[in-house]
$ cat query.cif   # mmCIF, C-alpha atoms
data_final
loop_
_atom_site.label_atom_id
_atom_site.label_comp_id
_atom_site.auth_asym_id
_atom_site.auth_seq_id
_atom_site.Cartn_x
_atom_site.Cartn_y
_atom_site.Cartn_z
CA ALA A 629 6.59 -6.35 -15.34
CA GLN A 630 7.66 -5.93 -11.78
CA SER A 631 6.35 -8.25 -9.08
CA VAL A 632 7.14 -9.50 -5.59
CA THR A 633 6.56 -12.90 -4.04
CA GLN A 634 6.15 -13.24 -0.31
CA LEU A 635 7.13 -16.77 0.47
CA ASP A 636 5.11 -17.23 3.65
CA SER A 637 1.48 -16.30 4.20
CA HIS A 638 1.84 -16.71 7.98
CA VAL A 639 4.83 -16.61 10.30
CA SER A 640 4.57 -17.43 14.00
CA VAL A 641 7.25 -16.47 16.52
CA SER A 642 7.54 -16.16 20.26
CA GLU A 643 8.13 -12.81 21.88
CA GLY A 644 11.84 -12.11 22.12
CA THR A 645 12.84 -14.40 19.24
CA PRO A 646 14.05 -13.24 15.80
CA VAL A 647 11.69 -12.42 12.96
CA LEU A 648 12.33 -13.30 9.30
CA LEU A 649 9.79 -12.41 6.61
CA ARG A 650 10.86 -13.47 3.14
CA CYS A 651 10.38 -11.60 -0.11
CA ASN A 652 11.67 -12.23 -3.63
CA TYR A 653 11.28 -9.67 -6.38
CA SER A 654 11.20 -9.62 -10.14
CA SER A 655 11.92 -6.42 -11.98
CA SER A 656 13.13 -5.41 -15.42
CA TYR A 657 14.75 -2.30 -14.03
CA SER A 658 16.77 -1.37 -10.99
CA PRO A 659 14.01 -1.71 -8.43
CA SER A 660 12.95 0.33 -5.48
CA LEU A 661 11.71 -1.97 -2.73
CA PHE A 662 9.66 -1.29 0.36
CA TRP A 663 8.18 -3.02 3.35
CA TYR A 664 4.86 -1.75 4.67
CA VAL A 665 3.03 -2.88 7.81
CA GLN A 666 -0.71 -2.95 8.35
CA HIS A 667 -2.03 -3.29 11.87
CA PRO A 668 -5.62 -4.51 12.30
CA ASN A 669 -8.17 -1.93 11.18
CA LYS A 670 -5.43 0.55 10.35
CA GLY A 671 -3.89 1.94 7.19
CA LEU A 672 -0.48 0.97 5.90
CA GLN A 673 2.72 2.39 7.32
CA LEU A 674 6.12 2.43 5.66
CA LEU A 675 8.71 0.40 7.60
CA LEU A 676 11.68 0.92 5.32
CA LYS A 677 12.71 1.39 1.69
CA TYR A 678 15.60 0.51 -0.59
CA THR A 679 16.41 2.86 -3.46
CA SER A 680 19.85 1.70 -4.70
CA ALA A 681 21.88 3.22 -1.90
CA ALA A 682 23.11 0.97 0.94
CA THR A 683 22.02 -2.63 0.53
CA LEU A 684 21.29 -3.00 4.26
CA VAL A 685 18.37 -0.77 5.08
CA LYS A 686 17.32 0.11 8.60
CA GLY A 687 13.73 1.00 9.30
CA ILE A 688 11.47 1.90 12.14
CA ASN A 689 10.80 -0.20 15.24
CA GLY A 690 14.06 -2.16 14.92
CA PHE A 691 13.31 -3.71 11.53
CA GLU A 692 15.87 -3.98 8.77
CA ALA A 693 16.10 -5.55 5.33
CA GLU A 694 18.94 -6.54 3.05
CA PHE A 695 18.81 -6.14 -0.72
CA LYS A 696 20.54 -9.09 -2.42
CA LYS A 697 20.62 -8.67 -6.17
CA SER A 698 22.18 -12.09 -6.81
CA GLU A 699 19.29 -13.75 -4.98
CA THR A 700 16.63 -11.20 -6.02
CA SER A 701 15.60 -11.07 -2.39
CA PHE A 702 14.65 -8.38 0.10
CA HIS A 703 13.95 -10.20 3.36
CA LEU A 704 12.75 -8.33 6.45
CA THR A 705 14.30 -9.12 9.82
CA LYS A 706 14.13 -8.05 13.44
CA PRO A 707 16.36 -9.43 16.19
CA SER A 708 13.68 -9.66 18.85
CA ALA A 709 9.92 -9.73 18.31
CA HIS A 710 7.51 -7.73 20.43
CA MET A 711 3.82 -8.41 20.86
CA SER A 712 3.11 -5.10 19.14
CA ASP A 713 4.78 -6.42 15.95
CA ALA A 714 1.81 -8.69 15.27
CA ALA A 715 0.42 -7.37 11.99
CA GLU A 716 0.30 -7.94 8.23
CA TYR A 717 3.51 -7.12 6.36
CA PHE A 718 3.67 -6.28 2.67
CA CYS A 719 6.71 -6.38 0.45
CA VAL A 720 6.34 -3.81 -2.33
CA VAL A 721 8.24 -3.00 -5.53
CA SER A 722 8.29 0.16 -7.59
CA ASP A 723 10.12 0.76 -10.82
CA GLY A 724 10.28 4.45 -10.17
CA GLY A 725 8.82 6.61 -12.90
CA PHE A 726 5.34 7.46 -11.78
CA GLN A 727 5.88 5.47 -8.63
CA LYS A 728 3.34 2.73 -9.17
CA LEU A 729 3.56 0.34 -6.24
CA VAL A 730 3.04 -3.38 -6.71
CA PHE A 731 2.19 -5.20 -3.49
CA GLY A 732 2.92 -8.74 -2.48
CA THR A 733 0.19 -10.91 -1.04
CA GLY A 734 1.23 -10.17 2.52
CA THR A 735 2.63 -12.14 5.45
CA ARG A 736 0.72 -12.24 8.69
CA LEU A 737 3.07 -12.18 11.65
CA LEU A 738 1.78 -13.80 14.81
CA VAL A 739 3.66 -13.18 18.07
CA SER A 740 2.97 -15.38 21.08
CA PRO A 741 3.92 -14.59 24.67
CA ASP B 978 -1.80 9.26 12.36
CA SER B 979 -0.58 9.67 8.78
CA GLY B 980 -2.34 12.98 8.18
CA VAL B 981 -4.43 11.47 5.36
CA THR B 982 -8.14 11.43 6.06
CA GLN B 983 -10.80 9.34 4.39
CA THR B 984 -14.56 9.48 4.67
CA PRO B 985 -16.71 7.62 5.31
CA LYS B 986 -15.08 4.86 7.35
CA HIS B 987 -17.76 2.37 6.46
CA LEU B 988 -20.27 2.26 3.65
CA ILE B 989 -22.98 -0.31 3.05
CA THR B 990 -24.94 -0.15 -0.16
CA ALA B 991 -26.85 -2.32 -2.60
CA THR B 992 -25.87 -3.71 -5.97
CA GLY B 993 -26.35 -1.30 -8.84
CA GLN B 994 -25.88 1.77 -6.68
CA ARG B 995 -23.25 4.51 -6.91
CA VAL B 996 -21.05 5.76 -4.09
CA THR B 997 -18.39 8.41 -3.61
CA LEU B 998 -15.36 8.00 -1.39
CA ARG B 999 -13.48 11.06 -0.27
CA CYS B 1000 -9.82 11.59 0.57
CA SER B 1001 -7.94 14.58 1.94
CA PRO B 1002 -4.16 14.32 1.51
CA ARG B 1003 -1.53 15.41 3.98
CA SER B 1004 -0.94 19.12 4.03
CA GLY B 1005 1.39 20.04 1.18
CA ASP B 1006 1.15 16.71 -0.67
CA LEU B 1007 0.29 17.06 -4.34
CA SER B 1008 -0.16 13.40 -5.29
CA VAL B 1009 -3.11 11.24 -4.34
CA TYR B 1010 -3.29 7.52 -4.98
CA TRP B 1011 -6.22 5.12 -4.69
CA TYR B 1012 -5.87 1.44 -3.83
CA GLN B 1013 -8.31 -1.42 -3.45
CA GLN B 1014 -7.72 -4.22 -0.93
CA SER B 1015 -9.86 -7.32 -1.26
CA LEU B 1016 -9.48 -10.91 -0.13
CA ASP B 1017 -9.23 -12.34 -3.63
CA GLN B 1018 -7.23 -9.58 -5.38
CA GLY B 1019 -5.03 -8.38 -2.54
CA LEU B 1020 -3.84 -4.78 -2.59
CA GLN B 1021 -4.07 -3.18 -6.03
CA PHE B 1022 -3.19 0.27 -7.28
CA LEU B 1023 -6.15 1.93 -8.99
CA ILE B 1024 -5.20 5.45 -10.03
CA GLN B 1025 -2.97 8.41 -9.23
CA TYR B 1026 -3.55 12.14 -9.50
CA TYR B 1027 -0.91 14.82 -9.25
CA ASN B 1028 -1.93 18.41 -8.71
CA GLY B 1029 -5.31 17.87 -10.32
CA GLU B 1030 -4.16 15.84 -13.29
CA GLU B 1031 -4.43 12.08 -13.79
CA ARG B 1032 -0.91 10.71 -13.63
CA ALA B 1033 -1.17 6.94 -13.77
CA LYS B 1034 -3.77 4.24 -14.04
CA GLY B 1035 -3.67 0.77 -12.62
CA ASN B 1036 -6.33 -1.90 -12.49
CA ILE B 1037 -9.26 0.48 -12.35
CA LEU B 1038 -12.58 -0.64 -13.79
CA GLU B 1039 -14.44 1.54 -16.26
CA ARG B 1040 -17.29 1.76 -13.72
CA PHE B 1041 -14.88 3.56 -11.40
CA SER B 1042 -13.64 7.10 -11.82
CA ALA B 1043 -11.73 9.61 -9.75
CA GLN B 1044 -10.80 13.24 -9.70
CA GLN B 1045 -8.67 15.62 -7.72
CA PHE B 1046 -10.02 19.04 -6.95
CA PRO B 1047 -8.20 22.41 -6.77
CA ASP B 1048 -7.94 22.11 -2.99
CA LEU B 1049 -6.18 18.75 -3.67
CA HIS B 1050 -8.78 16.53 -2.07
CA SER B 1051 -9.81 13.58 -4.18
CA GLU B 1052 -12.96 11.58 -4.74
CA LEU B 1053 -13.31 8.04 -6.02
CA ASN B 1054 -16.66 7.32 -7.66
CA LEU B 1055 -17.85 3.74 -7.91
CA SER B 1056 -20.96 3.07 -9.98
CA SER B 1057 -23.14 0.09 -10.94
CA LEU B 1058 -21.79 -1.61 -7.88
CA GLU B 1059 -21.39 -5.37 -7.81
CA LEU B 1060 -20.89 -7.75 -4.91
CA GLY B 1061 -17.27 -8.16 -5.94
CA ASP B 1062 -16.61 -4.46 -5.38
CA SER B 1063 -16.82 -5.04 -1.63
CA ALA B 1064 -13.36 -4.15 -0.37
CA LEU B 1065 -11.27 -1.77 1.65
CA TYR B 1066 -10.38 1.31 -0.38
CA PHE B 1067 -7.26 3.19 0.63
CA CYS B 1068 -6.12 6.61 -0.32
CA ALA B 1069 -2.45 7.62 -0.05
CA SER B 1070 -0.66 10.86 -0.65
CA SER B 1071 2.89 11.93 -1.36
CA ALA B 1072 4.73 15.16 -1.93
CA GLY B 1073 5.96 14.41 -5.43
CA THR B 1074 5.36 11.97 -8.18
CA SER B 1075 8.56 10.83 -9.81
CA GLY B 1076 10.80 7.99 -8.75
CA ALA B 1077 10.62 6.28 -5.40
CA ARG B 1078 11.91 9.29 -3.47
CA TRP B 1079 8.54 10.24 -2.14
CA GLU B 1080 7.03 8.17 0.64
CA GLN B 1081 3.34 7.42 0.29
CA TYR B 1082 1.28 8.03 3.41
CA PHE B 1083 -1.86 5.94 3.69
CA GLY B 1084 -5.20 6.86 5.13
CA PRO B 1085 -7.20 4.50 7.36
CA GLY B 1086 -9.38 3.31 4.48
CA THR B 1087 -13.07 3.13 3.64
CA ARG B 1088 -14.67 -0.27 4.00
CA LEU B 1089 -17.29 -0.74 1.30
CA THR B 1090 -19.83 -3.53 1.61
CA VAL B 1091 -22.12 -4.20 -1.33
CA THR B 1092 -25.18 -6.31 -0.52
#

$ encode --input "query.cif" --output "structure tokens"
Amino acid sequence: AQSVTQLDSHVSVSEGTPVLLRCNYSSSYSPSLFWYVQHPNKGLQLLLKYTSAATLVKGINGFEAEFKKSETSFHLTKPSAHMSDAAEYFCVVSDGGFQKLVFGTGTRLLVSP
Amino acid sequence: DSGVTQTPKHLITATGQRVTLRCSPRSGDLSVYWYQQSLDQGLQFLIQYYNGEERAKGNILERFSAQQFPDLHSELNLSSLELGDSALYFCASSAGTSGARWEQYFGPGTRLTVT
């Protein structure tokens, strides 16, 4: 069965410094991988997705992620954090088919001035 | 704003009761998905409907049921409520159903509190 492991429950950065949120996946098939963001008291929003095209995926708000099959990783990065990036981030895997999404446990990103 | 609407935003009810959560998908989307987000279980997929038909089931309890109506809105019915059912329930919609081609758009959620 497919699953994702988010390696950090909390990540703290200063505004203007790089962001790295780590995610490892496990899948029996060629996976589709996603990052979603959830701001406080809001629904989830898709940041980016990987579906076996380019391994470096660019998303919204300056985020990007790199699919590394050899490391079974899909880490999310951003060169420079903004205060508005403070939120919960979910790494998600789907094996296609009926598009069932399996969510990681989430990483809370804290951004300090 | 994702275009997915959910009502009510908050719901407080007692154990043993039954509630109905409502979701209206984005215009043109045929698939509706229900998710439960709780502190101990995280975010879990419950069930998916596509154009009125059940398409996939996840970790949905037998006390829970859902349906999608001809106008494509969906309702999630939760019965014999227990304290552990307290959670945030999300609805999402997408245009299609196969593969990962179709982005899921999430509503703002309904927060259910069972006392």

$ interface_residues --input "query.cif" --of "chain B" --to "chain A" --cutoff "12 Å" --atoms "only C-alpha atoms" --output "compact mmCIF listing (two decimals) with C-alpha atoms, keeping the file's coordinate frame"
# COMPACT_ATOMS: atom_id res chain seq x y z
CA ASP B 978 -1.80 9.26 12.36
CA SER B 979 -0.58 9.67 8.78
CA GLY B 980 -2.34 12.98 8.18
CA VAL B 981 -4.43 11.47 5.36
CA THR B 982 -8.14 11.43 6.06
CA GLN B 983 -10.80 9.34 4.39
CA LYS B 986 -15.08 4.86 7.35
CA HIS B 987 -17.76 2.37 6.46
CA SER B 1008 -0.16 13.40 -5.29
CA VAL B 1009 -3.11 11.24 -4.34
CA TYR B 1010 -3.29 7.52 -4.98
CA TRP B 1011 -6.22 5.12 -4.69
CA TYR B 1012 -5.87 1.44 -3.83
CA GLN B 1013 -8.31 -1.42 -3.45
CA GLN B 1014 -7.72 -4.22 -0.93
CA SER B 1015 -9.86 -7.32 -1.26
CA LEU B 1016 -9.48 -10.91 -0.13
CA ASP B 1017 -9.23 -12.34 -3.63
CA GLN B 1018 -7.23 -9.58 -5.38
CA GLY B 1019 -5.03 -8.38 -2.54
CA LEU B 1020 -3.84 -4.78 -2.59
CA GLN B 1021 -4.07 -3.18 -6.03
CA PHE B 1022 -3.19 0.27 -7.28
CA LEU B 1023 -6.15 1.93 -8.99
CA ILE B 1024 -5.20 5.45 -10.03
CA GLN B 1025 -2.97 8.41 -9.23
CA TYR B 1026 -3.55 12.14 -9.50
CA TYR B 1027 -0.91 14.82 -9.25
CA GLU B 1031 -4.43 12.08 -13.79
CA ARG B 1032 -0.91 10.71 -13.63
CA ALA B 1033 -1.17 6.94 -13.77
CA LYS B 1034 -3.77 4.24 -14.04
CA GLY B 1035 -3.67 0.77 -12.62
CA ASN B 1036 -6.33 -1.90 -12.49
CA LEU B 1065 -11.27 -1.77 1.65
CA TYR B 1066 -10.38 1.31 -0.38
CA PHE B 1067 -7.26 3.19 0.63
CA CYS B 1068 -6.12 6.61 -0.32
CA ALA B 1069 -2.45 7.62 -0.05
CA SER B 1070 -0.66 10.86 -0.65
CA SER B 1071 2.89 11.93 -1.36
CA ALA B 1072 4.73 15.16 -1.93
CA GLY B 1073 5.96 14.41 -5.43
CA THR B 1074 5.36 11.97 -8.18
CA SER B 1075 8.56 10.83 -9.81
CA GLY B 1076 10.80 7.99 -8.75
CA ALA B 1077 10.62 6.28 -5.40
CA ARG B 1078 11.91 9.29 -3.47
CA TRP B 1079 8.54 10.24 -2.14
CA GLU B 1080 7.03 8.17 0.64
CA GLN B 1081 3.34 7.42 0.29
CA TYR B 1082 1.28 8.03 3.41
CA PHE B 1083 -1.86 5.94 3.69
CA GLY B 1084 -5.20 6.86 5.13
CA PRO B 1085 -7.20 4.50 7.36
CA GLY B 1086 -9.38 3.31 4.48
CA THR B 1087 -13.07 3.13 3.64
CA ARG B 1088 -14.67 -0.27 4.00

$ resolve_selection --input "query.cif" --expression "the PyMOL selection byres ((chain A and resi 634) around 7)" --output "VMD selection string"
chain A and resid 632 to 633 635 to 636 650 to 652 719 732 to 735

$ residues_near_point --input "query.cif" --point "(-10.8, 16.5, -5.9)" --cutoff "12 Å" --atoms "only C-alpha atoms" --output "PyMOL selection string"
chain B and resi 997-1002+1007-1010+1025-1031+1042-1054

$ atom_distance --input "query.cif" --atom1 "atom CA of Ser654 of chain A" --atom2 "atom CA of Gln630 of chain A"
5.4 Å

$ closest_residue --input "query.cif" --among "B:Asp1062, B:Ser1004, B:Ile989, B:Val996" --to "Ile1037 of chain B" --atoms "all atoms listed in the file"
B:Asp1062

$ residues_around --input "query.cif" --residues "Ser640 of chain A" --least-positions-apart "5" --cutoff "6 Å" --atoms "all atoms listed in the file" --output "PyMOL selection string"
chain A and resi 737-739

$ closest_residue --input "query.cif" --among "A:Ser631, A:Gly690, A:Ser655, A:Val685" --to "Ala709 of chain A" --atoms "only C-alpha atoms"
A:Gly690

$ atom_distance --input "query.cif" --atom1 "atom CA of Ser656 of chain A" --atom2 "atom CA of Thr683 of chain A"
18.5 Å

$ resolve_selection --input "query.cif" --expression "the PyMOL selection byres ((chain A and resi 714) around 10)" --output "NGL selection string"
:A and (639-641 or 665-668 or 709-713 or 715-717 or 736-740)

$ atom_distance --input "query.cif" --atom1 "atom CA of Thr992 of chain B" --atom2 "atom CA of Ala1064 of chain B"
13.7 Å

$ resolve_selection --input "query.cif" --expression "the PyMOL selection byres ((chain B and resi 990) around 7)" --output "compact mmCIF listing (two decimals) with C-alpha atoms, in the coordinates of the input"
# COMPACT_ATOMS: atom_id res chain seq x y z
CA LEU B 988 -20.27 2.26 3.65
CA ILE B 989 -22.98 -0.31 3.05
CA ALA B 991 -26.85 -2.32 -2.60
CA THR B 992 -25.87 -3.71 -5.97
CA GLN B 994 -25.88 1.77 -6.68
CA THR B 1090 -19.83 -3.53 1.61
CA VAL B 1091 -22.12 -4.20 -1.33
CA THR B 1092 -25.18 -6.31 -0.52

$ decode --input "query.cif" --residues "segment 713-724 of chain A" --atoms "all heavy atoms" --output "CSV table (one decimal), in the first residue's frame"
chain,number,residue,atom,x,y,z
A,713,ASP,N,3.9,32.2,4.6
A,713,ASP,CA,4.1,30.8,4.3
A,713,ASP,C,3.8,29.9,5.6
A,713,ASP,O,3.7,28.7,5.5
A,713,ASP,CB,5.5,30.5,3.9
A,713,ASP,CG,5.8,31.1,2.5
A,713,ASP,OD1,4.9,31.2,1.7
A,713,ASP,OD2,7.0,31.5,2.3
A,714,ALA,N,3.6,30.6,6.7
A,714,ALA,CA,3.4,29.9,7.9
A,714,ALA,C,2.0,29.1,7.8
A,714,ALA,O,1.0,29.7,7.6
A,714,ALA,CB,3.3,30.8,9.1
A,715,ALA,N,2.1,27.8,7.9
A,715,ALA,CA,0.9,27.0,7.6
A,715,ALA,C,1.3,25.5,7.9
A,715,ALA,O,2.4,25.2,8.3
A,715,ALA,CB,0.4,27.1,6.2
A,716,GLU,N,0.3,24.6,7.7
A,716,GLU,CA,0.6,23.2,7.8
A,716,GLU,C,0.7,22.7,6.3
A,716,GLU,O,-0.1,23.0,5.5
A,716,GLU,CB,-0.6,22.5,8.4
A,716,GLU,CG,-0.4,21.0,8.7
A,716,GLU,CD,0.0,20.7,10.1
A,716,GLU,OE1,-0.2,21.6,11.0
A,716,GLU,OE2,0.6,19.6,10.4
A,717,TYR,N,1.7,21.8,6.1
A,717,TYR,CA,2.0,21.3,4.8
A,717,TYR,C,1.9,19.8,4.8
A,717,TYR,O,2.4,19.1,5.7
A,717,TYR,CB,3.4,21.7,4.3
A,717,TYR,CG,3.5,23.2,4.0
A,717,TYR,CD1,3.7,24.1,5.1
A,717,TYR,CD2,3.4,23.7,2.8
A,717,TYR,CE1,3.7,25.5,4.9
A,717,TYR,CE2,3.5,25.1,2.5
A,717,TYR,CZ,3.7,25.9,3.6
A,717,TYR,OH,3.7,27.3,3.4
A,718,PHE,N,1.2,19.3,3.8
A,718,PHE,CA,0.9,17.8,3.7
A,718,PHE,C,1.5,17.3,2.4
A,718,PHE,O,1.3,17.8,1.3
A,718,PHE,CB,-0.6,17.5,3.7
A,718,PHE,CG,-1.2,17.9,5.0
A,718,PHE,CD1,-1.8,19.1,5.2
A,718,PHE,CD2,-1.3,16.9,6.0
A,718,PHE,CE1,-2.5,19.4,6.4
A,718,PHE,CE2,-1.9,17.2,7.2
A,718,PHE,CZ,-2.5,18.4,7.4
A,719,CYS,N,2.3,16.2,2.6
A,719,CYS,CA,2.8,15.5,1.5
A,719,CYS,C,1.8,14.4,1.2
A,719,CYS,O,1.3,13.7,2.2
A,719,CYS,CB,4.2,14.9,1.8
A,719,CYS,SG,4.9,13.9,0.5
A,720,VAL,N,1.5,14.1,0.0
A,720,VAL,CA,0.3,13.2,-0.4
A,720,VAL,C,0.8,12.4,-1.5
A,720,VAL,O,1.4,12.8,-2.5
A,720,VAL,CB,-0.9,14.1,-0.8
A,720,VAL,CG1,-2.1,13.2,-1.0
A,720,VAL,CG2,-1.2,15.1,0.3
A,721,VAL,N,0.3,11.1,-1.5
A,721,VAL,CA,0.6,10.2,-2.6
A,721,VAL,C,-0.7,9.6,-3.1
A,721,VAL,O,-1.6,9.4,-2.4
A,721,VAL,CB,1.5,9.0,-2.1
A,721,VAL,CG1,0.9,8.1,-1.1
A,721,VAL,CG2,2.0,8.2,-3.3
A,722,SER,N,-0.7,9.4,-4.4
A,722,SER,CA,-1.8,8.7,-5.1
A,722,SER,C,-1.2,7.7,-6.1
A,722,SER,O,-0.3,8.0,-6.8
A,722,SER,CB,-2.7,9.7,-5.8
A,722,SER,OG,-3.6,9.0,-6.7
A,723,ASP,N,-1.9,6.5,-6.1
A,723,ASP,CA,-1.4,5.6,-7.1
A,723,ASP,C,-2.2,5.6,-8.4
A,723,ASP,O,-2.3,4.7,-9.1
A,723,ASP,CB,-1.6,4.1,-6.5
A,723,ASP,CG,-0.4,3.8,-5.7
A,723,ASP,OD1,0.6,4.5,-5.7
A,723,ASP,OD2,-0.4,2.8,-5.0
A,724,GLY,N,-2.9,6.8,-8.6
A,724,GLY,CA,-3.7,6.9,-9.8
A,724,GLY,C,-5.0,6.0,-9.6
A,724,GLY,O,-5.5,5.9,-8.6
